[in-house]
Amino acid sequence: MPDENRPTNFIRQLIDADLASGRVQEVVTRFPPEPNGYLHIGHAKSICLNFGLARDYGGRCHLRMDDTNPAKEEVEFVESIKEDVRWLGFDWGRHEYHAADYFERLYAWAEELVLAGKAYVDDQSADAIRDSRGTLTEPGRPSPWRERSPAENLDLFRRMRAGEFPDGSRTLRAKIDMASPNLNLRDPVMYRIKHQSHHRTGDAWCIYPMYDWAHGQSDAIEGITHSICTLEFEAHRPLYDWFLTQLGLAHRPRQIEFARLNLTYTVMSKRLLAALVKEGLVAGWDDPRMPTIAGLRRRGYPPEALRAFAERIGVAKADSTVEVELLESTVRDALNASAPRAMCVHRPLKVVIESWPEGEVERIEAPWKQDAPEKGTRQLPFTREVFIERDDFMEVPVKGFKRLSPGKEVRLRYGYVVRCTGVVKDAAGEVVELRCTHDPDTRTGAPKDGRKIGGTIHWVSASNSVPATLRLYDRLFQVPNPGAGDSDFRTQLNPASLAVVEGARIEPALAGAAPGERFQFERKGYYVADAKDTKPGAPVFNLIVSLRDTWAKIAAQEKQ
RNA sequence: UGGGGCGUCGCCAAAUGGUCAAGGCACCGGACUCUGACUCCGGCAUCUGUAGGUUCGACUCCUACCGCCCCAGCCA
């Protein structure tokens, strides 16, 4: 039964009604991707919806490869799809199916329709079929082959299957209504001839079923109760139902349509995503800037964040575009709860603490996560020379600046309060080093005299830190709706979507980060050790999402 | 244009004839803070595409209009 705490939606209400009326006794859904590309976050919405419904209603969700077009599908995609669904946290158990496994059954049903005079073999070319389909306002014209006898149709259809005819020479069409205002009902094609081997059935077939003919029947075979798909299939529903009715199948799945996900600053179509990859605009399907599940995984997004996101955006029928900020907020939420904290200086500025004895190292024990003592601690070596963030020093501080500037104090997180006593510049006038003194009484608490320390900044030991490569990712596009109208999304790419920082310094405890391990680099953002490129001794971290930065916002407003 | 859908706060999205126009994100204040993070407090639609109508009462029913999306693949 539905969970009272979960937001309702129209699909749950339909299911509730079906259950209440006794139309169905259980809930069986399916996620039916075509294995012709990588899954993206829009698919994640559908996966969470279908598997989530099955989970909440104590039913089941099937994973079905909708592989009816051998020209586009590959096993590589089948594998990536399974990996992605699993990674998202869903389990289809033994219910993995392929539309291709139903080819024989579908064929037999097609013969039934032929015999019943409800389908016919059409010898027209694709062009001729298009020309006779009519337009939005004019009815179509019947094919000259529409009135063939069932016997002749059966013979022809069998010979189609036997491979007697070349590609495109004939089709099997449902005999419905060439004057229907719904174009999908104007004798839709059920089978086309394609002498092409299929990733699953090999060369067993040279005719392949169309989506409309395969989908509803596949649903029926599997006992699907609610066949959930996106809005563009709404006009196909009468056809979906027509086939089921003609076949007189006992089990009647019900098709329900919902609005697909759109995200700002993102493209979601497989075509555009493929173009980004093919044209080398990104580094591959799993480039961390891609909205593919593989890309988001490599980026470091935790699967629970994607699930929470799906929950937060809801399900409805109105076309909508969700702001990426909502996704980012969900990711921060998940990571804030789980990620250990650590320190990483992105653009190091050397600080010499003149009051600290040369060569002395104090090992400071700091928690991995302050509110989660069970996560343990790590040691921070405090030394005479440390690095701080260049941005955390201003020679002439603007108003409101709480970090370091000449004569002022800041706390080095988990360490001491230091005061800036000098600034060293190079010939060009660039600040290259700071001189400071520390207050030895401030290691564990506030200064004895009660003076307030406004800011705390992160730091690493100069001698006991490790260099790391940082990959700072930002949105791939600089416009909210790339490709809108007749614009070319290629011209809207964000040139700063990837910035590589080579000279960053991380605390020593981070040196051995395992690929895929996530951290919050305090005051900066959440990072993940890159799954492919991070190596012992040469760590590479990807920015998952930055921390909210109120100061940056204030500073930006001051500027205007 | 024929058919099918959809229009509630900047973005999502509840509400299914009875003072309830939820909630989240964003945004704006403020508190707290050894992360300018997190957390916390407060603000944010007299109004539900528009115009009429029905009703004691309408976001929810009716009518008309306006706007947006989908359909003319032997793609899914």
# chains A, B, ... in the order shown; residues from 1 in each chain; ligands from 1

call {"tool": "interface_residues", "arguments": {"of": "chain A", "to": "chain B", "cutoff": "6 Å", "atoms": "only C-alpha atoms (C1' of nucleotides)", "output": "list of chain:residue names"}}
result
A:Thr135, A:Leu136, A:Thr137, A:Pro181, A:Asn182, A:Arg192, A:Glu232, A:Ala235, A:Ile313, A:Ala318, A:Val322, A:Glu323, A:Leu326, A:Arg413, A:Glu522, A:Arg523, A:Thr550, A:Trp551

call {"tool": "write_last_selection", "arguments": {"atoms": "N, CA, C and O atoms", "output": "PDB file, in the first residue's frame"}}
result
ATOM      1  N   THR A 135      -2.800  13.934 -44.334  1.00  0.00           N
ATOM      2  CA  THR A 135      -2.156  14.951 -43.501  1.00  0.00           C
ATOM      3  C   THR A 135      -2.969  15.106 -42.223  1.00  0.00           C
ATOM      4  O   THR A 135      -3.903  14.361 -41.976  1.00  0.00           O
ATOM      5  N   LEU A 136      -2.593  16.114 -41.451  1.00  0.00           N
ATOM      6  CA  LEU A 136      -3.309  16.348 -40.195  1.00  0.00           C
ATOM      7  C   LEU A 136      -4.784  16.638 -40.447  1.00  0.00           C
ATOM      8  O   LEU A 136      -5.644  16.318 -39.637  1.00  0.00           O
ATOM      9  N   THR A 137      -5.056  17.244 -41.589  1.00  0.00           N
ATOM     10  CA  THR A 137      -6.437  17.646 -41.862  1.00  0.00           C
ATOM     11  C   THR A 137      -7.139  16.811 -42.927  1.00  0.00           C
ATOM     12  O   THR A 137      -8.361  16.844 -43.012  1.00  0.00           O
ATOM     13  N   PRO A 181      -8.654  10.454 -37.390  1.00  0.00           N
ATOM     14  CA  PRO A 181      -7.993  11.719 -37.061  1.00  0.00           C
ATOM     15  C   PRO A 181      -6.689  11.474 -36.284  1.00  0.00           C
ATOM     16  O   PRO A 181      -5.824  12.341 -36.234  1.00  0.00           O
ATOM     17  N   ASN A 182      -6.575  10.292 -35.723  1.00  0.00           N
ATOM     18  CA  ASN A 182      -5.328   9.914 -35.052  1.00  0.00           C
ATOM     19  C   ASN A 182      -4.460   9.171 -36.070  1.00  0.00           C
ATOM     20  O   ASN A 182      -4.740   8.042 -36.447  1.00  0.00           O
ATOM     21  N   ARG A 192       8.599  -4.675 -40.582  1.00  0.00           N
ATOM     22  CA  ARG A 192       9.356  -4.230 -41.739  1.00  0.00           C
ATOM     23  C   ARG A 192      10.430  -5.263 -41.999  1.00  0.00           C
ATOM     24  O   ARG A 192      10.821  -6.023 -41.087  1.00  0.00           O
ATOM     25  N   GLU A 232       4.803  11.638 -25.120  1.00  0.00           N
ATOM     26  CA  GLU A 232       4.678  11.551 -26.575  1.00  0.00           C
ATOM     27  C   GLU A 232       3.994  10.270 -27.037  1.00  0.00           C
ATOM     28  O   GLU A 232       3.629  10.143 -28.195  1.00  0.00           O
ATOM     29  N   ALA A 235      -0.739   9.602 -27.796  1.00  0.00           N
ATOM     30  CA  ALA A 235      -1.552   9.377 -28.994  1.00  0.00           C
ATOM     31  C   ALA A 235      -1.414   7.941 -29.501  1.00  0.00           C
ATOM     32  O   ALA A 235      -2.115   7.533 -30.422  1.00  0.00           O
ATOM     33  N   ILE A 313      11.251  15.988  -7.400  1.00  0.00           N
ATOM     34  CA  ILE A 313      10.668  16.643  -8.581  1.00  0.00           C
ATOM     35  C   ILE A 313       9.239  16.194  -8.840  1.00  0.00           C
ATOM     36  O   ILE A 313       8.492  16.865  -9.535  1.00  0.00           O
ATOM     37  N   ALA A 318       2.357  17.869 -16.797  1.00  0.00           N
ATOM     38  CA  ALA A 318       2.666  19.168 -17.399  1.00  0.00           C
ATOM     39  C   ALA A 318       4.126  19.187 -17.840  1.00  0.00           C
ATOM     40  O   ALA A 318       5.016  18.783 -17.097  1.00  0.00           O
ATOM     41  N   VAL A 322      13.096  21.399 -14.816  1.00  0.00           N
ATOM     42  CA  VAL A 322      13.553  21.557 -13.442  1.00  0.00           C
ATOM     43  C   VAL A 322      14.880  22.318 -13.427  1.00  0.00           C
ATOM     44  O   VAL A 322      15.748  22.087 -14.268  1.00  0.00           O
ATOM     45  N   GLU A 323      15.009  23.231 -12.506  1.00  0.00           N
ATOM     46  CA  GLU A 323      16.263  23.978 -12.398  1.00  0.00           C
ATOM     47  C   GLU A 323      17.368  23.074 -11.843  1.00  0.00           C
ATOM     48  O   GLU A 323      17.147  22.356 -10.866  1.00  0.00           O
ATOM     49  N   LEU A 326      18.072  22.552  -8.097  1.00  0.00           N
ATOM     50  CA  LEU A 326      17.378  21.590  -7.254  1.00  0.00           C
ATOM     51  C   LEU A 326      18.180  20.283  -7.176  1.00  0.00           C
ATOM     52  O   LEU A 326      18.304  19.670  -6.119  1.00  0.00           O
ATOM     53  N   ARG A 413      41.985  26.200  10.887  1.00  0.00           N
ATOM     54  CA  ARG A 413      41.039  25.187  11.375  1.00  0.00           C
ATOM     55  C   ARG A 413      41.734  24.042  12.117  1.00  0.00           C
ATOM     56  O   ARG A 413      42.682  23.450  11.623  1.00  0.00           O
ATOM     57  N   GLU A 522      36.763  21.159   3.124  1.00  0.00           N
ATOM     58  CA  GLU A 522      36.093  22.196   3.895  1.00  0.00           C
ATOM     59  C   GLU A 522      36.193  23.582   3.268  1.00  0.00           C
ATOM     60  O   GLU A 522      37.231  23.977   2.770  1.00  0.00           O
ATOM     61  N   ARG A 523      35.096  24.243   3.308  1.00  0.00           N
ATOM     62  CA  ARG A 523      34.918  25.600   2.775  1.00  0.00           C
ATOM     63  C   ARG A 523      34.983  25.677   1.256  1.00  0.00           C
ATOM     64  O   ARG A 523      34.884  26.760   0.675  1.00  0.00           O
ATOM     65  N   THR A 550      27.975  31.959   0.475  1.00  0.00           N
ATOM     66  CA  THR A 550      27.297  33.219   0.738  1.00  0.00           C
ATOM     67  C   THR A 550      28.226  34.414   0.559  1.00  0.00           C
ATOM     68  O   THR A 550      27.820  35.469   0.090  1.00  0.00           O
ATOM     69  N   TRP A 551      29.498  34.215   0.924  1.00  0.00           N
ATOM     70  CA  TRP A 551      30.437  35.320   0.821  1.00  0.00           C
ATOM     71  C   TRP A 551      30.656  35.706  -0.635  1.00  0.00           C
ATOM     72  O   TRP A 551      30.690  36.880  -0.994  1.00  0.00           O
TER      73      TRP A 551
END

call {"tool": "residues_around", "arguments": {"residues": "U55 in chain B", "least_positions_apart": "6", "cutoff": "12 Å", "atoms": "only C-alpha atoms (C1' of nucleotides)", "output": "list in words"}}
result
G17, G18, C61 and C62 of chain B

call {"tool": "atom_distance", "arguments": {"atom1": "CA of Asn9 in chain A", "atom2": "CA of Lys45 in chain A"}}
result
13.8 Å

call {"tool": "select_by_dssp", "arguments": {"residues": "range 45-244 of chain A", "states": "strand (DSSP E or B)", "output": "count of residues only"}}
result
32

call {"tool": "residues_around", "arguments": {"residues": "Glu325 in chain A", "least_positions_apart": "4", "cutoff": "12 Å", "atoms": "only C-alpha atoms (C1' of nucleotides)", "output": "number ranges by chain"}}
result
A: 263-266, 309, 313, 321, 329-332, 475, 480, 545-546, 548; B: 11-12, 24-26

call {"tool": "residues_around", "arguments": {"residues": "Leu476 in chain A", "least_positions_apart": "5", "cutoff": "8 Å", "atoms": "only C-alpha atoms (C1' of nucleotides)", "output": "PDB file with N, CA, C and O atoms, in the first residue's frame"}}
result
ATOM      1  N   TYR A 265      20.246  24.209 -18.296  1.00  0.00           N
ATOM      2  CA  TYR A 265      21.689  24.157 -18.599  1.00  0.00           C
ATOM      3  C   TYR A 265      22.148  22.769 -19.037  1.00  0.00           C
ATOM      4  O   TYR A 265      23.310  22.406 -18.856  1.00  0.00           O
ATOM      5  N   THR A 266      21.192  22.002 -19.547  1.00  0.00           N
ATOM      6  CA  THR A 266      21.498  20.614 -19.893  1.00  0.00           C
ATOM      7  C   THR A 266      20.769  20.215 -21.174  1.00  0.00           C
ATOM      8  O   THR A 266      19.688  20.716 -21.438  1.00  0.00           O
ATOM      9  N   ARG A 289      30.769  15.854 -16.863  1.00  0.00           N
ATOM     10  CA  ARG A 289      29.851  16.962 -17.155  1.00  0.00           C
ATOM     11  C   ARG A 289      28.581  16.477 -17.834  1.00  0.00           C
ATOM     12  O   ARG A 289      27.642  17.235 -18.043  1.00  0.00           O
ATOM     13  N   MET A 290      28.582  15.201 -18.221  1.00  0.00           N
ATOM     14  CA  MET A 290      27.424  14.649 -18.942  1.00  0.00           C
ATOM     15  C   MET A 290      26.290  14.312 -17.973  1.00  0.00           C
ATOM     16  O   MET A 290      26.532  13.865 -16.854  1.00  0.00           O
ATOM     17  N   LEU A 493      28.214  26.115 -25.446  1.00  0.00           N
ATOM     18  CA  LEU A 493      28.995  25.394 -24.445  1.00  0.00           C
ATOM     19  C   LEU A 493      29.696  26.369 -23.522  1.00  0.00           C
ATOM     20  O   LEU A 493      30.111  27.454 -23.944  1.00  0.00           O
ATOM     21  N   ASN A 494      29.797  25.998 -22.280  1.00  0.00           N
ATOM     22  CA  ASN A 494      30.482  26.831 -21.302  1.00  0.00           C
ATOM     23  C   ASN A 494      31.980  26.562 -21.386  1.00  0.00           C
ATOM     24  O   ASN A 494      32.428  25.461 -21.078  1.00  0.00           O
ATOM     25  N   SER A 497      33.631  24.968 -18.348  1.00  0.00           N
ATOM     26  CA  SER A 497      32.973  23.808 -17.742  1.00  0.00           C
ATOM     27  C   SER A 497      33.964  22.865 -17.086  1.00  0.00           C
ATOM     28  O   SER A 497      33.605  22.067 -16.239  1.00  0.00           O
TER      29      SER A 497
END

call {"tool": "residues_around", "arguments": {"residues": "Leu335 in chain A", "least_positions_apart": "5", "cutoff": "10 Å", "atoms": "only C-alpha atoms (C1' of nucleotides)", "output": "list in words"}}
result
Gly300, Tyr301, Pro302, Glu304, Ala305, Ser329, Thr330, Pro340, Arg518, Phe519, Gln520, Gly525, Tyr526, Tyr527, Ile544 and Val545 of chain A

call {"tool": "atom_distance", "arguments": {"atom1": "CA of Gln557 in chain A", "atom2": "CA of Arg403 in chain A"}}
result
18.6 Å

call {"tool": "residues_around", "arguments": {"residues": "U39 in chain B", "least_positions_apart": "6", "cutoff": "12 Å", "atoms": "only C-alpha atoms (C1' of nucleotides)", "output": "count of residues only"}}
result
5

call {"tool": "closest_residue", "arguments": {"among": "B:A64, B:C47, B:C40, B:C59", "to": "U16 in chain B", "atoms": "only C-alpha atoms (C1' of nucleotides)"}}
result
B:C59

call {"tool": "atom_distance", "arguments": {"atom1": "CA of Cys48 in chain A", "atom2": "CA of Arg94 in chain A"}}
result
18.5 Å

call {"tool": "residues_around", "arguments": {"residues": "Arg505 in chain A", "least_positions_apart": "3", "cutoff": "12 Å", "atoms": "only C-alpha atoms (C1' of nucleotides)", "output": "compact mmCIF listing (two decimals) with all heavy atoms, in the first residue's frame"}}
result
# COMPACT_ATOMS: atom_id res chain seq x y z
N ALA A 342 37.75 17.14 5.01
CA ALA A 342 39.20 17.17 4.93
C ALA A 342 39.62 18.54 4.40
O ALA A 342 38.76 19.34 4.05
CB ALA A 342 39.71 16.07 4.00
N MET A 343 40.93 18.79 4.38
CA MET A 343 41.36 20.09 3.90
C MET A 343 42.23 19.96 2.65
O MET A 343 43.10 19.11 2.54
CB MET A 343 42.12 20.83 5.01
CG MET A 343 41.20 21.19 6.18
SD MET A 343 41.88 22.44 7.25
CE MET A 343 42.98 21.44 8.26
N CYS A 344 41.93 20.86 1.73
CA CYS A 344 42.66 20.91 0.47
C CYS A 344 42.82 22.37 0.10
O CYS A 344 41.84 23.11 0.06
CB CYS A 344 41.88 20.18 -0.61
SG CYS A 344 42.47 20.51 -2.29
N VAL A 345 44.06 22.80 -0.11
CA VAL A 345 44.30 24.17 -0.52
C VAL A 345 44.42 24.20 -2.04
O VAL A 345 45.30 23.57 -2.62
CB VAL A 345 45.59 24.73 0.14
CG1 VAL A 345 45.90 26.13 -0.41
CG2 VAL A 345 45.41 24.79 1.66
N HIS A 346 43.51 24.91 -2.66
CA HIS A 346 43.45 24.90 -4.13
C HIS A 346 44.55 25.73 -4.77
O HIS A 346 45.21 25.30 -5.71
CB HIS A 346 42.09 25.40 -4.60
CG HIS A 346 40.96 24.47 -4.21
ND1 HIS A 346 39.90 24.22 -5.02
CD2 HIS A 346 40.76 23.74 -3.09
CE1 HIS A 346 39.06 23.35 -4.42
NE2 HIS A 346 39.57 23.07 -3.23
N ARG A 347 44.73 26.95 -4.28
CA ARG A 347 45.78 27.82 -4.82
C ARG A 347 46.64 28.27 -3.64
O ARG A 347 46.32 29.25 -2.97
CB ARG A 347 45.15 29.03 -5.52
CG ARG A 347 44.34 28.65 -6.76
CD ARG A 347 43.59 29.86 -7.32
NE ARG A 347 44.49 30.95 -7.68
CZ ARG A 347 44.28 32.22 -7.37
NH1 ARG A 347 43.22 32.58 -6.68
NH2 ARG A 347 45.15 33.16 -7.72
N PRO A 348 47.71 27.53 -3.41
CA PRO A 348 48.49 27.72 -2.18
C PRO A 348 49.22 29.06 -2.10
O PRO A 348 49.76 29.55 -3.09
CB PRO A 348 49.50 26.57 -2.23
CG PRO A 348 49.00 25.62 -3.26
CD PRO A 348 48.23 26.44 -4.24
N LEU A 349 49.20 29.62 -0.90
CA LEU A 349 50.01 30.80 -0.60
C LEU A 349 50.80 30.42 0.66
O LEU A 349 50.21 30.02 1.67
CB LEU A 349 49.10 32.01 -0.31
CG LEU A 349 49.81 33.28 0.19
CD1 LEU A 349 50.82 33.78 -0.84
CD2 LEU A 349 48.77 34.37 0.48
N LYS A 350 52.10 30.52 0.57
CA LYS A 350 52.93 30.07 1.70
C LYS A 350 52.86 31.05 2.87
O LYS A 350 52.88 32.27 2.69
CB LYS A 350 54.39 29.90 1.27
CG LYS A 350 55.26 29.34 2.39
CD LYS A 350 56.73 29.39 2.06
CE LYS A 350 57.16 28.11 1.36
NZ LYS A 350 58.65 28.05 1.24
N VAL A 386 53.15 26.71 6.40
CA VAL A 386 51.89 26.11 5.94
C VAL A 386 51.44 26.81 4.65
O VAL A 386 51.98 27.87 4.29
CB VAL A 386 50.77 26.24 7.00
CG1 VAL A 386 51.17 25.56 8.30
CG2 VAL A 386 50.41 27.71 7.23
N PHE A 387 50.48 26.20 4.00
CA PHE A 387 49.86 26.85 2.85
C PHE A 387 48.44 27.22 3.22
O PHE A 387 47.74 26.44 3.88
CB PHE A 387 49.79 25.89 1.64
CG PHE A 387 51.12 25.60 1.01
CD1 PHE A 387 51.56 24.29 0.87
CD2 PHE A 387 51.92 26.64 0.52
CE1 PHE A 387 52.78 24.01 0.27
CE2 PHE A 387 53.15 26.37 -0.08
CZ PHE A 387 53.59 25.04 -0.21
N ILE A 388 48.04 28.39 2.80
CA ILE A 388 46.62 28.74 2.92
C ILE A 388 46.13 29.11 1.51
O ILE A 388 46.91 29.20 0.56
CB ILE A 388 46.38 29.94 3.88
CG1 ILE A 388 46.98 31.23 3.29
CG2 ILE A 388 46.92 29.61 5.26
CD1 ILE A 388 46.51 32.49 4.00
N GLU A 389 44.84 29.28 1.40
CA GLU A 389 44.22 29.63 0.12
C GLU A 389 44.56 31.09 -0.22
O GLU A 389 44.39 31.97 0.62
CB GLU A 389 42.71 29.45 0.30
CG GLU A 389 41.94 29.15 -0.94
CD GLU A 389 42.23 27.77 -1.50
OE1 GLU A 389 41.87 26.75 -0.87
OE2 GLU A 389 42.82 27.72 -2.59
N HIS A 458 41.02 27.15 6.10
CA HIS A 458 41.66 25.84 5.99
C HIS A 458 43.11 26.02 5.55
O HIS A 458 43.50 27.07 5.04
CB HIS A 458 40.88 24.95 5.02
CG HIS A 458 40.70 25.53 3.65
ND1 HIS A 458 41.47 25.20 2.58
CD2 HIS A 458 39.83 26.48 3.19
CE1 HIS A 458 41.07 25.88 1.51
NE2 HIS A 458 40.09 26.66 1.86
N TRP A 459 43.90 24.99 5.76
CA TRP A 459 45.33 25.09 5.54
C TRP A 459 45.90 23.68 5.43
O TRP A 459 45.24 22.70 5.76
CB TRP A 459 46.00 25.78 6.74
CG TRP A 459 45.68 25.02 8.02
CD1 TRP A 459 44.52 25.10 8.74
CD2 TRP A 459 46.49 24.03 8.65
NE1 TRP A 459 44.55 24.22 9.80
CE2 TRP A 459 45.75 23.55 9.78
CE3 TRP A 459 47.76 23.51 8.40
CZ2 TRP A 459 46.25 22.56 10.63
CZ3 TRP A 459 48.26 22.53 9.25
CH2 TRP A 459 47.50 22.05 10.37
N VAL A 460 47.13 23.57 4.96
CA VAL A 460 47.86 22.30 5.03
C VAL A 460 49.30 22.64 5.35
O VAL A 460 49.76 23.76 5.11
CB VAL A 460 47.82 21.50 3.71
CG1 VAL A 460 46.41 21.03 3.38
CG2 VAL A 460 48.42 22.29 2.56
N SER A 461 50.00 21.68 5.90
CA SER A 461 51.42 21.85 6.18
C SER A 461 52.17 21.94 4.85
O SER A 461 51.87 21.20 3.92
CB SER A 461 51.93 20.65 6.99
OG SER A 461 53.35 20.57 6.87
N ALA A 462 53.13 22.83 4.78
CA ALA A 462 53.90 22.95 3.53
C ALA A 462 54.73 21.71 3.29
O ALA A 462 54.80 21.19 2.17
CB ALA A 462 54.80 24.19 3.58
N SER A 463 55.33 21.21 4.33
CA SER A 463 56.24 20.07 4.15
C SER A 463 55.52 18.73 4.24
O SER A 463 55.98 17.74 3.69
CB SER A 463 57.34 20.12 5.21
OG SER A 463 56.75 20.24 6.50
N ASN A 464 54.40 18.69 4.90
CA ASN A 464 53.71 17.42 5.10
C ASN A 464 52.38 17.32 4.34
O ASN A 464 51.50 16.58 4.74
CB ASN A 464 53.44 17.18 6.58
CG ASN A 464 54.72 16.84 7.31
OD1 ASN A 464 55.24 15.74 7.22
ND2 ASN A 464 55.26 17.82 8.01
N SER A 465 52.27 18.08 3.26
CA SER A 465 51.08 17.94 2.43
C SER A 465 51.49 17.29 1.12
O SER A 465 52.66 17.12 0.84
CB SER A 465 50.44 19.30 2.17
OG SER A 465 51.36 20.17 1.55
N VAL A 466 50.48 16.93 0.34
CA VAL A 466 50.73 16.20 -0.89
C VAL A 466 50.12 16.96 -2.07
O VAL A 466 49.01 17.49 -1.95
CB VAL A 466 50.07 14.80 -0.78
CG1 VAL A 466 50.20 14.02 -2.08
CG2 VAL A 466 50.66 14.04 0.39
N PRO A 467 50.83 17.01 -3.19
CA PRO A 467 50.23 17.68 -4.36
C PRO A 467 49.11 16.84 -4.96
O PRO A 467 49.15 15.61 -4.89
CB PRO A 467 51.39 17.82 -5.34
CG PRO A 467 52.39 16.80 -4.92
CD PRO A 467 52.20 16.57 -3.45
N ALA A 468 48.12 17.50 -5.50
CA ALA A 468 47.00 16.78 -6.12
C ALA A 468 46.49 17.56 -7.31
O ALA A 468 46.69 18.77 -7.41
CB ALA A 468 45.88 16.60 -5.10
N THR A 469 45.86 16.83 -8.21
CA THR A 469 45.21 17.47 -9.35
C THR A 469 43.72 17.58 -9.05
O THR A 469 43.11 16.64 -8.57
CB THR A 469 45.40 16.62 -10.62
OG1 THR A 469 46.80 16.52 -10.88
CG2 THR A 469 44.69 17.25 -11.81
N LEU A 470 43.19 18.76 -9.33
CA LEU A 470 41.77 18.99 -9.11
C LEU A 470 41.12 19.25 -10.45
O LEU A 470 41.65 19.98 -11.29
CB LEU A 470 41.59 20.23 -8.24
CG LEU A 470 41.39 20.12 -6.73
CD1 LEU A 470 42.01 18.88 -6.14
CD2 LEU A 470 41.90 21.38 -6.05
N VAL A 501 43.19 22.14 -12.04
CA VAL A 501 44.11 22.81 -11.12
C VAL A 501 45.21 21.82 -10.78
O VAL A 501 44.95 20.76 -10.21
CB VAL A 501 43.38 23.24 -9.82
CG1 VAL A 501 44.36 23.82 -8.82
CG2 VAL A 501 42.27 24.21 -10.15
N GLU A 502 46.42 22.14 -11.16
CA GLU A 502 47.51 21.19 -10.94
C GLU A 502 48.22 21.33 -9.60
O GLU A 502 48.66 20.36 -9.03
CB GLU A 502 48.56 21.31 -12.06
CG GLU A 502 48.06 20.84 -13.43
CD GLU A 502 47.82 19.34 -13.51
OE1 GLU A 502 48.08 18.64 -12.50
OE2 GLU A 502 47.36 18.87 -14.57
N PRO A 508 47.91 15.05 4.31
CA PRO A 508 48.49 13.72 4.05
C PRO A 508 47.51 12.57 4.16
O PRO A 508 47.63 11.58 3.43
CB PRO A 508 49.60 13.60 5.11
CG PRO A 508 49.38 14.71 6.08
CD PRO A 508 48.64 15.78 5.35
N ALA A 509 46.49 12.71 5.00
CA ALA A 509 45.54 11.61 5.16
C ALA A 509 44.75 11.34 3.88
O ALA A 509 44.12 10.29 3.73
CB ALA A 509 44.58 11.92 6.31
N LEU A 510 44.80 12.28 2.96
CA LEU A 510 44.03 12.15 1.73
C LEU A 510 44.84 11.48 0.61
O LEU A 510 44.29 11.11 -0.43
CB LEU A 510 43.63 13.56 1.26
CG LEU A 510 42.18 13.99 1.18
CD1 LEU A 510 41.31 13.27 2.19
CD2 LEU A 510 42.09 15.49 1.36
N ALA A 511 46.11 11.33 0.85
CA ALA A 511 47.00 10.85 -0.21
C ALA A 511 46.58 9.48 -0.74
O ALA A 511 46.74 9.18 -1.91
CB ALA A 511 48.44 10.79 0.29
N PHE A 521 35.87 18.93 0.94
CA PHE A 521 37.04 19.76 1.20
C PHE A 521 36.47 21.01 1.86
O PHE A 521 35.75 21.79 1.22
CB PHE A 521 37.78 20.11 -0.10
CG PHE A 521 38.49 18.92 -0.72
CD1 PHE A 521 39.02 19.01 -2.01
CD2 PHE A 521 38.68 17.73 0.00
CE1 PHE A 521 39.69 17.92 -2.57
CE2 PHE A 521 39.35 16.64 -0.56
CZ PHE A 521 39.85 16.74 -1.86
N ALA A 538 49.50 10.06 -6.96
CA ALA A 538 49.10 11.11 -7.89
C ALA A 538 47.58 11.22 -7.89
O ALA A 538 46.91 10.88 -8.85
CB ALA A 538 49.61 10.81 -9.29
N PRO A 539 47.06 11.70 -6.77
CA PRO A 539 45.60 11.76 -6.65
C PRO A 539 44.96 12.78 -7.58
O PRO A 539 45.52 13.85 -7.82
CB PRO A 539 45.39 12.14 -5.18
CG PRO A 539 46.67 12.74 -4.74
CD PRO A 539 47.76 12.16 -5.58
N VAL A 540 43.80 12.40 -8.10
CA VAL A 540 43.01 13.31 -8.94
C VAL A 540 41.61 13.38 -8.35
O VAL A 540 40.97 12.34 -8.16
CB VAL A 540 42.91 12.78 -10.39
CG1 VAL A 540 42.03 13.70 -11.23
CG2 VAL A 540 44.30 12.64 -11.00
N PHE A 541 41.17 14.58 -8.03
CA PHE A 541 39.84 14.74 -7.46
C PHE A 541 38.92 15.54 -8.39
O PHE A 541 39.32 16.54 -8.97
CB PHE A 541 39.92 15.48 -6.12
CG PHE A 541 40.49 14.64 -5.01
CD1 PHE A 541 41.85 14.74 -4.70
CD2 PHE A 541 39.70 13.77 -4.29
CE1 PHE A 541 42.39 13.96 -3.67
CE2 PHE A 541 40.23 12.99 -3.26
CZ PHE A 541 41.58 13.09 -2.95
